[in-house]
Amino acid sequence: MTDLDQTQVLDQTGDETPEVQNSRRRVKIIALVSALVLLLTGGISGGLAYKRHLDEQHRQESLASCEKELKQFTAALTDLDKAKTDVAETVTITAEQVADGATVEALSKAVATEAPKPVACPADGDTETLDAKTAKLAEQTKTVDTSIKAITDSAAKVTESKTAKEVADAQKTLTDAIANGEQTLADSDGKVQDNTVREQLREALDNAIKTKDSKDIKALGDQAGNVAGKVQAVGDAKAAKEKADAEAAAQAAANATNTKKSSGTSSGTSSKKTTSSGGSSGSKGSGAGGNSGGSNGGGGSGSGNGGGNSGSGATTSCPSGFYLSMGQCFESKTVDGGSS
């Protein structure tokens with residue numbers, strides 16, 4: 001700088017002139033503004049970059065959420081298939097096998113429900129799209145879970161209804177068996193040879209009556225079977241006595257017929273022998289009387305007394321099965337209606 005320039009810069013007091021001071025101030029302002037511009041430009045660029053970073057981070061989080069929900073939906077579909085497999089046997093139960101046929105229909109509808117189709121989670125999708133997919137999958141998962149519950153609940157109701165009918169049927173079977181047993185007991189009074197079988201039936205009936213309101217199907221069945229067995233035993237005993245009584249009656253009738261035939265034959269034989277014997281006795285009496293008359297001169301009287309005494313003193317009848325001969329009874333043997 002020349003002495004002249006230096007002189008122009010400084011005033012008479014030795015200070016910088018106002019022009020110099022203003023110049024220096026402008027330089028500082030320009031420098032400050034430039035710095036601010038640079039700082040602002042860098043800040044905006046950095047802010048935009050940071051925002052992009054945050055957006056990507058959010059997108060990745062949305063993608064992860066979508067993929068997680070997709071896995072849950074897939075797992076729900078697997079559970080649905082398993083639920084249908086588990087009730088495969090229950091589905092075969094018909095309305096006739098249950099107390100309430102509506103339970104069978106409800107199960108059939110629950111099993112027939114179609115599962116929703118899964119949605120995809122696009123790896124390049126934006127946050128909004130991925131969030132929408134996630135919400136849709138969550139809704140579908142809930143639908144599948146509802147279907148699973150409907151299937152399991154319906155199957156349980158079918159099983160309960162089937163058990164209820166089986167219990168009711170078993171109770172009715174036992175009640176009918178008790179009624180039949182009571183009737184059999186009444187009908188067999190005094191009609192069996194050994195009353196022990198009736199006592200056993202009475203005991204079985206008492207035990208069955210205590211069990212008839214139970215819900216234990218096996219116990220009900222056991223009691224019904226026990227009563228039925230005792231009823232059969234009483235029936236067999238009654239039939240055996242009826243057969244024995246019929247055979248005894250037939251034998252008695254046959255014996256009575258044989259006795260009647262034997263009595264008729266014996267009476268005929270006895271009558272003939274009695275007549276012959278009477279004639280012989282009379283002859284002998286007459287002979288004796290004649291002789292007596294010849295000796296004593298009273299023949300007429302002797303003949304009458306002799307015949308009368310001989311006729312009244314001889315045997316005239318025999319027991320059944322015997323015949324009279326010569327005043328004595330002999331066993332009769334019938335041959336072709338005659339005697340020997």
# chains A, B, ... in the order shown; residues from 1 in each chain; ligands from 1
call {"tool": "select_by_dssp", "arguments": {"residues": "stretch 14-225 of chain A", "states": "alpha helix (DSSP H)", "output": "PyMOL selection string"}}
result
chain A and resi 18-86+88-91+101-112+127-187+196-211+217-225
call {"tool": "residues_around", "arguments": {"residues": "A:Lys84", "least_positions_apart": "4", "cutoff": "7 Å", "atoms": "only C-alpha atoms", "output": "PyMOL selection string"}}
result
chain A and resi 80+88+111
call {"tool": "write_last_selection", "arguments": {"atoms": "C-alpha atoms", "output": "PDB file, in the first residue's frame"}}
result
ATOM      1  CA  LEU A  80     -58.291 -75.749  10.584  1.00  0.00           C
ATOM      2  CA  ALA A  88     -63.989 -86.872  10.818  1.00  0.00           C
ATOM      3  CA  VAL A 111     -66.984 -78.380   8.395  1.00  0.00           C
TER       4      VAL A 111
END
call {"tool": "atom_distance", "arguments": {"atom1": "atom CA of A:Arg198", "atom2": "atom CA of A:Asn180"}}
result
13.3 Å
call {"tool": "residues_around", "arguments": {"residues": "stretch 206-222 of chain A", "least_positions_apart": "6", "cutoff": "7 Å", "atoms": "only C-alpha atoms", "output": "PyMOL selection string"}}
result
chain A and resi 167+170-171+174-175
call {"tool": "closest_residue", "arguments": {"among": "A:Gln60, A:Thr103, A:Ser154, A:Thr92", "to": "A:Pro122", "atoms": "only C-alpha atoms"}}
result
A:Gln60
call {"tool": "closest_residue", "arguments": {"among": "A:Glu19, A:Asp153, A:Asp169, A:Glu67", "to": "A:Val87", "atoms": "only C-alpha atoms"}}
result
A:Asp153
call {"tool": "closest_residue", "arguments": {"among": "A:Thr129, A:Leu107, A:Ala76, A:Asp100", "to": "A:Ala156", "atoms": "only C-alpha atoms"}}
result
A:Leu107
call {"tool": "residues_around", "arguments": {"residues": "A:Val234", "least_positions_apart": "2", "cutoff": "9 Å", "atoms": "only C-alpha atoms", "output": "PyMOL selection string"}}
result
chain A and resi 184-185+188+192+195+197-198+201+229-232+236-239
call {"tool": "write_last_selection", "arguments": {"atoms": "N, CA and C atoms", "output": "mmCIF file, in the first residue's frame"}}
result
data_model
loop_
_atom_site.group_PDB
_atom_site.id
_atom_site.type_symbol
_atom_site.label_atom_id
_atom_site.label_comp_id
_atom_site.auth_asym_id
_atom_site.auth_seq_id
_atom_site.Cartn_x
_atom_site.Cartn_y
_atom_site.Cartn_z
ATOM 1 N N THR A 184 -93.249 -111.193 34.904
ATOM 2 C CA THR A 184 -92.840 -112.602 34.961
ATOM 3 C C THR A 184 -92.919 -113.134 36.382
ATOM 4 N N LEU A 185 -92.532 -112.313 37.340
ATOM 5 C CA LEU A 185 -92.588 -112.718 38.746
ATOM 6 C C LEU A 185 -94.024 -112.988 39.172
ATOM 7 N N SER A 188 -95.499 -116.221 37.517
ATOM 8 C CA SER A 188 -94.867 -117.507 37.857
ATOM 9 C C SER A 188 -95.116 -117.932 39.302
ATOM 10 N N VAL A 192 -93.515 -122.775 39.615
ATOM 11 C CA VAL A 192 -92.172 -123.327 39.424
ATOM 12 C C VAL A 192 -91.916 -124.364 40.504
ATOM 13 N N ASN A 195 -88.636 -122.358 44.039
ATOM 14 C CA ASN A 195 -88.890 -120.918 44.090
ATOM 15 C C ASN A 195 -87.612 -120.084 44.151
ATOM 16 N N VAL A 197 -85.410 -119.534 41.922
ATOM 17 C CA VAL A 197 -85.227 -118.722 40.720
ATOM 18 C C VAL A 197 -86.063 -117.446 40.794
ATOM 19 N N ARG A 198 -87.214 -117.524 41.418
ATOM 20 C CA ARG A 198 -88.054 -116.327 41.573
ATOM 21 C C ARG A 198 -87.445 -115.371 42.594
ATOM 22 N N LEU A 201 -84.742 -113.518 40.867
ATOM 23 C CA LEU A 201 -85.303 -112.487 39.987
ATOM 24 C C LEU A 201 -85.720 -111.274 40.811
ATOM 25 N N GLY A 229 -81.556 -112.160 32.234
ATOM 26 C CA GLY A 229 -81.097 -113.521 32.511
ATOM 27 C C GLY A 229 -81.955 -114.214 33.563
ATOM 28 N N LYS A 230 -82.325 -113.464 34.607
ATOM 29 C CA LYS A 230 -83.152 -114.039 35.673
ATOM 30 C C LYS A 230 -84.569 -114.306 35.176
ATOM 31 N N VAL A 231 -85.076 -113.446 34.309
ATOM 32 C CA VAL A 231 -86.394 -113.669 33.711
ATOM 33 C C VAL A 231 -86.385 -114.945 32.875
ATOM 34 N N GLN A 232 -85.317 -115.153 32.140
ATOM 35 C CA GLN A 232 -85.184 -116.361 31.335
ATOM 36 C C GLN A 232 -85.163 -117.601 32.216
ATOM 37 N N ASP A 236 -87.796 -120.598 32.122
ATOM 38 C CA ASP A 236 -87.391 -121.988 31.902
ATOM 39 C C ASP A 236 -87.931 -122.899 33.006
ATOM 40 N N ALA A 237 -87.867 -122.411 34.261
ATOM 41 C CA ALA A 237 -88.360 -123.216 35.392
ATOM 42 C C ALA A 237 -89.867 -123.426 35.289
ATOM 43 N N LYS A 238 -90.571 -122.369 34.885
ATOM 44 C CA LYS A 238 -92.024 -122.478 34.729
ATOM 45 C C LYS A 238 -92.372 -123.470 33.622
ATOM 46 N N ALA A 239 -91.656 -123.384 32.506
ATOM 47 C CA ALA A 239 -91.904 -124.306 31.389
ATOM 48 C C ALA A 239 -91.592 -125.739 31.788
#
call {"tool": "atom_distance", "arguments": {"atom1": "atom CA of A:Glu89", "atom2": "atom CA of A:Ala168"}}
result
22.2 Å
call {"tool": "atom_distance", "arguments": {"atom1": "atom CA of A:Ile148", "atom2": "atom CA of A:Lys109"}}
result
12.1 Å
call {"tool": "residues_around", "arguments": {"residues": "stretch 134-147 of chain A", "least_positions_apart": "4", "cutoff": "8 Å", "atoms": "only C-alpha atoms", "output": "PyMOL selection string"}}
result
chain A and resi 62+65-67+69-70+72-73+76-77+80+110+113+115-116+118-119+121+130+151
